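Chemist: Supplied structure: data_34.csv, CSV, C-alpha atoms and all ligand atoms.
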```csv
chain,number,residue,atom,x,y,z
A,56,MET,CA,0.0,0.0,0.0
A,57,ASN,CA,3.0,2.3,0.2
A,58,VAL,CA,4.3,4.4,-2.7
A,59,SER,CA,7.0,2.9,-4.8
A,60,GLU,CA,10.5,4.3,-4.9
A,61,ALA,CA,9.8,5.9,-8.3
A,62,ASP,CA,6.7,7.7,-6.9
A,63,GLY,CA,8.5,8.8,-3.8
A,64,LYS,CA,11.2,10.3,-5.9
A,65,VAL,CA,8.6,12.2,-7.9
A,66,LEU,CA,7.3,13.8,-4.7
A,67,TYR,CA,10.8,14.5,-3.5
A,68,ASP,CA,11.8,16.2,-6.7
A,69,ILE,CA,8.8,18.5,-6.9
A,70,ILE,CA,9.4,19.8,-3.3
A,71,ILE,CA,13.1,20.3,-3.9
A,72,LYS,CA,12.5,22.0,-7.3
A,73,HIS,CA,10.0,24.5,-6.0
A,74,LYS,CA,11.5,24.8,-2.5
A,75,TYR,CA,8.2,24.0,-0.9
A,76,LYS,CA,7.9,24.2,2.9
A,77,LYS,CA,4.3,23.7,4.0
A,78,ALA,CA,3.2,20.2,3.1
A,79,LEU,CA,0.1,18.2,3.8
A,80,GLU,CA,-0.3,14.4,3.3
A,81,ILE,CA,-3.6,12.7,3.5
A,82,GLY,CA,-3.1,8.9,4.2
A,83,THR,CA,0.1,8.4,6.1
A,84,SER,CA,-0.1,4.6,6.4
A,85,THR,CA,3.3,3.4,7.8
A,86,GLY,CA,5.0,6.5,6.5
A,87,HIS,CA,6.8,5.6,3.3
A,88,SER,CA,5.7,8.6,1.3
A,89,GLY,CA,5.9,10.7,4.4
A,90,ILE,CA,9.6,9.9,4.6
A,91,TRP,CA,10.2,11.0,1.0
A,92,ILE,CA,8.3,14.2,1.5
A,93,ALA,CA,9.9,15.0,4.9
A,94,TRP,CA,13.4,14.1,3.5
A,95,ALA,CA,12.8,16.9,0.9
A,96,LEU,CA,11.5,19.2,3.5
A,97,SER,CA,14.5,18.7,5.7
A,98,LYS,CA,16.5,20.3,2.9
A,99,THR,CA,14.0,23.2,2.2
A,100,GLY,CA,13.5,23.9,5.9
A,101,GLY,CA,9.8,22.9,5.8
A,102,LYS,CA,7.4,20.8,7.7
A,103,LEU,CA,4.8,18.1,6.9
A,104,ILE,CA,1.4,17.5,8.5
A,105,THR,CA,0.3,14.0,7.7
A,106,VAL,CA,-3.0,12.3,8.6
A,107,GLU,CA,-3.8,8.7,9.3
A,108,ILE,CA,-7.0,7.1,10.7
A,109,ASN,CA,-5.6,3.6,11.6
A,110,GLU,CA,-3.9,3.6,14.9
A,111,GLY,CA,-1.5,0.7,14.2
A,112,ARG,CA,-0.3,2.3,11.0
A,113,TYR,CA,0.0,5.7,12.7
A,114,LYS,CA,2.2,4.2,15.5
A,115,GLN,CA,4.4,2.3,13.0
A,116,ALA,CA,4.8,5.5,11.0
A,117,LEU,CA,5.9,7.4,14.1
A,118,ALA,CA,8.6,4.7,14.7
A,119,ASN,CA,9.6,4.8,11.0
A,120,PHE,CA,9.9,8.6,11.1
A,121,GLU,CA,12.1,8.4,14.2
A,122,GLU,CA,14.3,5.7,12.7
A,123,ALA,CA,14.7,7.8,9.6
A,124,GLY,CA,15.8,10.8,11.7
A,125,LEU,CA,12.9,12.9,10.3
A,126,SER,CA,10.6,13.3,13.2
A,127,ASP,CA,11.4,17.0,13.6
A,128,TYR,CA,10.0,17.7,10.2
A,129,ILE,CA,6.7,15.8,10.7
A,130,ASP,CA,3.5,16.6,12.6
A,131,ALA,CA,1.7,13.2,12.4
A,132,ARG,CA,-2.0,13.2,13.3
A,133,LEU,CA,-4.1,10.2,14.2
A,134,ALA,CA,-7.5,11.4,12.8
A,135,ASP,CA,-10.3,10.9,10.3
A,136,ALA,CA,-9.1,13.1,7.4
A,137,HIS,CA,-12.8,13.6,6.4
A,138,GLU,CA,-13.1,15.7,9.6
A,139,LEU,CA,-9.6,17.0,10.2
A,140,VAL,CA,-8.6,18.2,6.7
A,141,PRO,CA,-11.4,20.8,6.4
A,142,LYS,CA,-10.4,22.1,9.8
A,143,LEU,CA,-6.7,22.5,9.1
A,144,LYS,CA,-5.8,26.1,8.9
A,145,GLY,CA,-3.0,26.0,6.2
A,146,PRO,CA,-1.7,27.6,4.2
A,147,PHE,CA,0.0,24.8,2.3
A,148,ASP,CA,2.3,24.9,-0.7
A,149,PHE,CA,2.4,21.1,-1.3
A,150,ALA,CA,-0.2,18.4,-0.8
A,151,PHE,CA,-0.2,14.7,-1.4
A,152,CYS,CA,-3.5,12.8,-1.3
A,153,ASP,CA,-3.3,9.0,-0.8
A,154,ALA,CA,-6.2,8.0,1.4
A,155,ASP,CA,-9.7,6.7,0.5
A,156,LYS,CA,-10.2,7.2,-3.2
A,157,GLY,CA,-14.0,7.8,-2.9
A,158,TRP,CA,-13.2,11.0,-1.0
A,159,TYR,CA,-10.5,12.4,-3.3
A,160,LYS,CA,-12.7,15.1,-4.8
A,161,ASN,CA,-13.8,16.2,-1.3
A,162,TYR,CA,-10.2,16.4,-0.1
A,163,LEU,CA,-9.3,18.5,-3.1
A,164,ILE,CA,-12.3,20.8,-2.4
A,165,ALA,CA,-11.2,21.1,1.2
A,166,VAL,CA,-7.5,21.8,0.5
A,167,LEU,CA,-7.7,24.1,-2.5
A,168,PRO,CA,-8.6,27.3,-0.7
A,169,LYS,CA,-5.6,26.7,1.6
A,170,LEU,CA,-3.2,25.9,-1.2
A,171,GLU,CA,-1.0,28.9,-2.1
A,172,VAL,CA,-0.8,30.2,-5.6
A,173,GLY,CA,2.2,28.5,-7.1
A,174,GLY,CA,1.6,25.5,-4.8
A,175,CYS,CA,1.2,21.9,-6.0
A,176,TYR,CA,-1.6,19.3,-5.3
A,177,THR,CA,-0.6,15.7,-6.0
A,178,ALA,CA,-2.8,12.6,-5.9
A,179,HIS,CA,-1.8,8.9,-6.0
A,180,ASN,CA,-3.3,6.0,-7.9
A,181,VAL,CA,-4.8,7.9,-10.8
A,182,SER,CA,-3.4,5.7,-13.5
A,183,GLY,CA,-6.8,4.0,-14.1
A,184,ARG,CA,-8.4,7.4,-14.7
A,185,ARG,CA,-9.0,6.8,-18.4
A,186,ARG,CA,-9.9,3.1,-18.2
A,187,GLY,CA,-12.6,3.0,-15.6
A,188,ARG,CA,-14.3,5.0,-12.9
A,189,MET,CA,-13.2,2.8,-10.0
A,190,TRP,CA,-12.8,4.2,-6.5
A,191,GLY,CA,-14.0,7.7,-7.4
A,192,ILE,CA,-10.8,8.5,-9.3
A,193,GLY,CA,-12.7,9.3,-12.5
A,194,GLU,CA,-14.9,11.8,-10.6
A,195,PHE,CA,-11.8,13.3,-9.0
A,196,VAL,CA,-9.9,13.7,-12.3
A,197,ASP,CA,-13.0,15.1,-14.1
A,198,TYR,CA,-13.3,17.7,-11.3
A,199,LEU,CA,-9.6,18.5,-11.2
A,200,GLU,CA,-9.4,19.0,-15.0
A,201,SER,CA,-12.5,21.3,-14.9
A,202,LEU,CA,-10.7,23.8,-12.7
A,203,PRO,CA,-9.3,26.6,-14.9
A,204,ASN,CA,-6.9,27.7,-12.2
A,205,MET,CA,-5.2,24.3,-11.9
A,206,GLU,CA,-2.6,23.1,-14.4
A,207,THR,CA,-2.5,19.3,-14.3
A,208,THR,CA,-0.1,16.8,-15.8
A,209,TYR,CA,0.3,13.1,-14.9
A,210,ASP,CA,3.3,11.1,-14.0
A,211,ASP,CA,2.6,7.5,-15.2
A,212,SER,CA,6.1,6.2,-14.9
A,213,SER,CA,4.9,3.8,-12.2
A,214,TRP,CA,1.8,1.6,-12.4
A,215,SER,CA,0.1,3.8,-9.8
A,216,GLY,CA,0.2,7.2,-11.5
A,217,ILE,CA,0.4,10.6,-9.8
A,218,SER,CA,-1.6,13.7,-10.8
A,219,ILE,CA,0.5,16.8,-10.4
A,220,SER,CA,-1.5,20.1,-10.4
A,221,TYR,CA,-0.1,23.6,-10.0
A,222,LYS,CA,-2.4,26.4,-8.7
A,223,LYS,CA,-2.1,29.3,-11.1
A,224,SER,CA,-4.4,31.7,-9.5
A,225,GLU,CA,-6.9,32.0,-6.6
A,226,LYS,CA,-9.9,32.2,-9.0
A,227,SER,CA,-11.4,28.9,-10.1
B,1,LIG,C1,-2.5,3.7,0.3
B,1,LIG,S1,-2.3,4.0,2.0
B,1,LIG,C2,-1.2,5.4,2.1
B,1,LIG,C3,0.2,5.0,1.8
B,1,LIG,C4,1.2,6.0,2.2
B,1,LIG,N1,0.9,7.3,1.5
B,1,LIG,C5,2.6,5.6,1.8
B,1,LIG,O1,2.9,5.7,0.6
B,1,LIG,O2,3.3,5.2,2.7
B,1,LIG,C6,-3.9,4.8,2.4
B,1,LIG,C7,-4.0,5.1,3.9
B,1,LIG,O3,-5.1,6.0,4.0
B,1,LIG,C8,-5.7,5.7,5.3
B,1,LIG,N2,-7.0,6.3,5.3
B,1,LIG,C9,-8.1,5.9,4.7
B,1,LIG,N3,-9.2,6.6,4.9
B,1,LIG,C10,-8.8,7.6,5.8
B,1,LIG,C11,-9.4,8.7,6.4
B,1,LIG,N4,-10.7,8.9,6.3
B,1,LIG,N5,-8.6,9.5,7.2
B,1,LIG,C12,-7.3,9.3,7.4
B,1,LIG,N6,-6.7,8.2,6.8
B,1,LIG,C13,-7.4,7.4,6.0
B,1,LIG,C14,-5.7,4.2,5.4
B,1,LIG,O4,-5.8,3.8,6.7
B,1,LIG,C15,-4.3,3.9,4.7
B,1,LIG,O5,-3.3,3.7,5.7
```
Render the structure in this file as structure tokens.

Modeler:
Amino acid sequence: MNVSEADGKVLYDIIIKHKYKKALEIGTSTGHSGIWIAWALSKTGGKLITVEINEGRYKQALANFEEAGLSDYIDARLADAHELVPKLKGPFDFAFCDADKGWYKNYLIAVLPKLEVGGCYTAHNVSGRRRGRMWGIGEFVDYLESLPNMETTYDDSSWSGISISYKKSEKS
């Protein structure tokens, strides 16, 4: 369930390239992608808020962050992202969505007002977007592509696929 090395590197490179500092991850699991993101943030001087609903995975992620020496760059929350994400204050300049696919569109709607212009919203497991409408990914992608202020490309170098969307202006 964790991101591949190739996908982790995509996230890492985006953060380094744009010197992002205020990151949000939805769906920590055991912290694999969080480690890639926080590793980049350790170089830009940033911090990651990451949200996980499953206590066992959250605890394992905390241990993994500690072992990686990246705990200082991560604010890990044990919470239902449906409830927590809309309440987070922001602002964010980078977001990675990798939790329940049926809620992807709602997460985007909740995060977009808190994403700075020039910031980047990424989402995992979008490779099936053209083939089927499984998991709500199709609905998410349709909505994302309908937003005139978001410029979206896809990294399909791994089987999962990542959408990469830059916020061009406040107005949608
Ligand atoms: C695919 S895994 C994330 C993998 C992780 N990003 C990585 O690469 O290491 C999805 C995670 O989202 C979590 N999740 C699902 N629904 C959630 C919710 N409503 N709030 C918070 N986390 C949720 C699941 O428990 C699961 O651990």

Chemist: Which residue out of A:Val140, A:Met56, A:Leu79, A:Leu170 has the minimum interatomic distance to ligand LIG 1 (chain B) when all atoms listed in the file are used?

Modeler: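 Of all the options, A:Met56 lies closest to ligand LIG 1 (chain B).
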
Chemist: One decimal, Å: what's the distance from CA of Ile164 (chain A) over to CA of Lys98 (chain A), could you say?

Modeler: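 Answer for the CA of Ile164 (chain A) to CA of Lys98 (chain A) separation: 29.3 Å.
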
Chemist: When distances are computed from only C-alpha atoms, which of A:Leu139, A:Lys226, A:Pro168, A:Ile71 shows the smallest separation from Pro203 (chain A)?

Modeler: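 Checking each of A:Leu139, A:Lys226, A:Pro168, A:Ile71 against Pro203 (chain A), counting only C-alpha atoms, the winner is A:Lys226.
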
Chemist: Please list as a list of chain:residue names every residue within 9 Å of Pro141 (chain A), counting only C-alpha atoms and excluding residues in the same chain fewer than 6 positions away.

Modeler: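 Here the qualifying residues turn out to be A:Tyr162, A:Ile164, A:Ala165, A:Val166.
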
Chemist: Leaving out Ser182 (chain A) and any residue of its chain fewer than 3 positions from it, which residues lie within 7 Å of it when counting only C-alpha atoms, given as a list in words?

Modeler: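 In the requested format, the answer is Asp211, Trp214, Ser215 and Gly216 of chain A.
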
Chemist: Please provide the set of residues having any atom within 12 Å of Lys76 (chain A), restricted to all atoms listed in the file, with same-chain residues fewer than 2 positions apart removed, written as a ChimeraX atom specification.

Modeler: /A:67,69-74,78-79,92-104,128-129,145-150,170-171,174-175

Chemist: What residues of the protein or nucleic acid chains come within 7 Å of ligand LIG 1 (chain B) when you use only C-alpha atoms and all ligand atoms? Reply as a ChimeraX atom specification.

Modeler: /A:56-58,81-89,106-109,112,134-137,153-155

Chemist: For CA of Tyr176 (chain A) and CA of Tyr221 (chain A), quote the distance in Å rounded to one decimal.

Modeler: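 These atoms are spaced 6.5 Å apart.
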
Chemist: Counting only C-alpha atoms, figure out which residue out of A:Ile219, A:Met205, A:Ile90, A:Val172 gets nearest to Glu122 (chain A).

Modeler: A:Ile90

Chemist: Mind pulling up the distance from CA of Val181 (chain A) to CA of Gly193 (chain A)?

Modeler: 8.2 Å
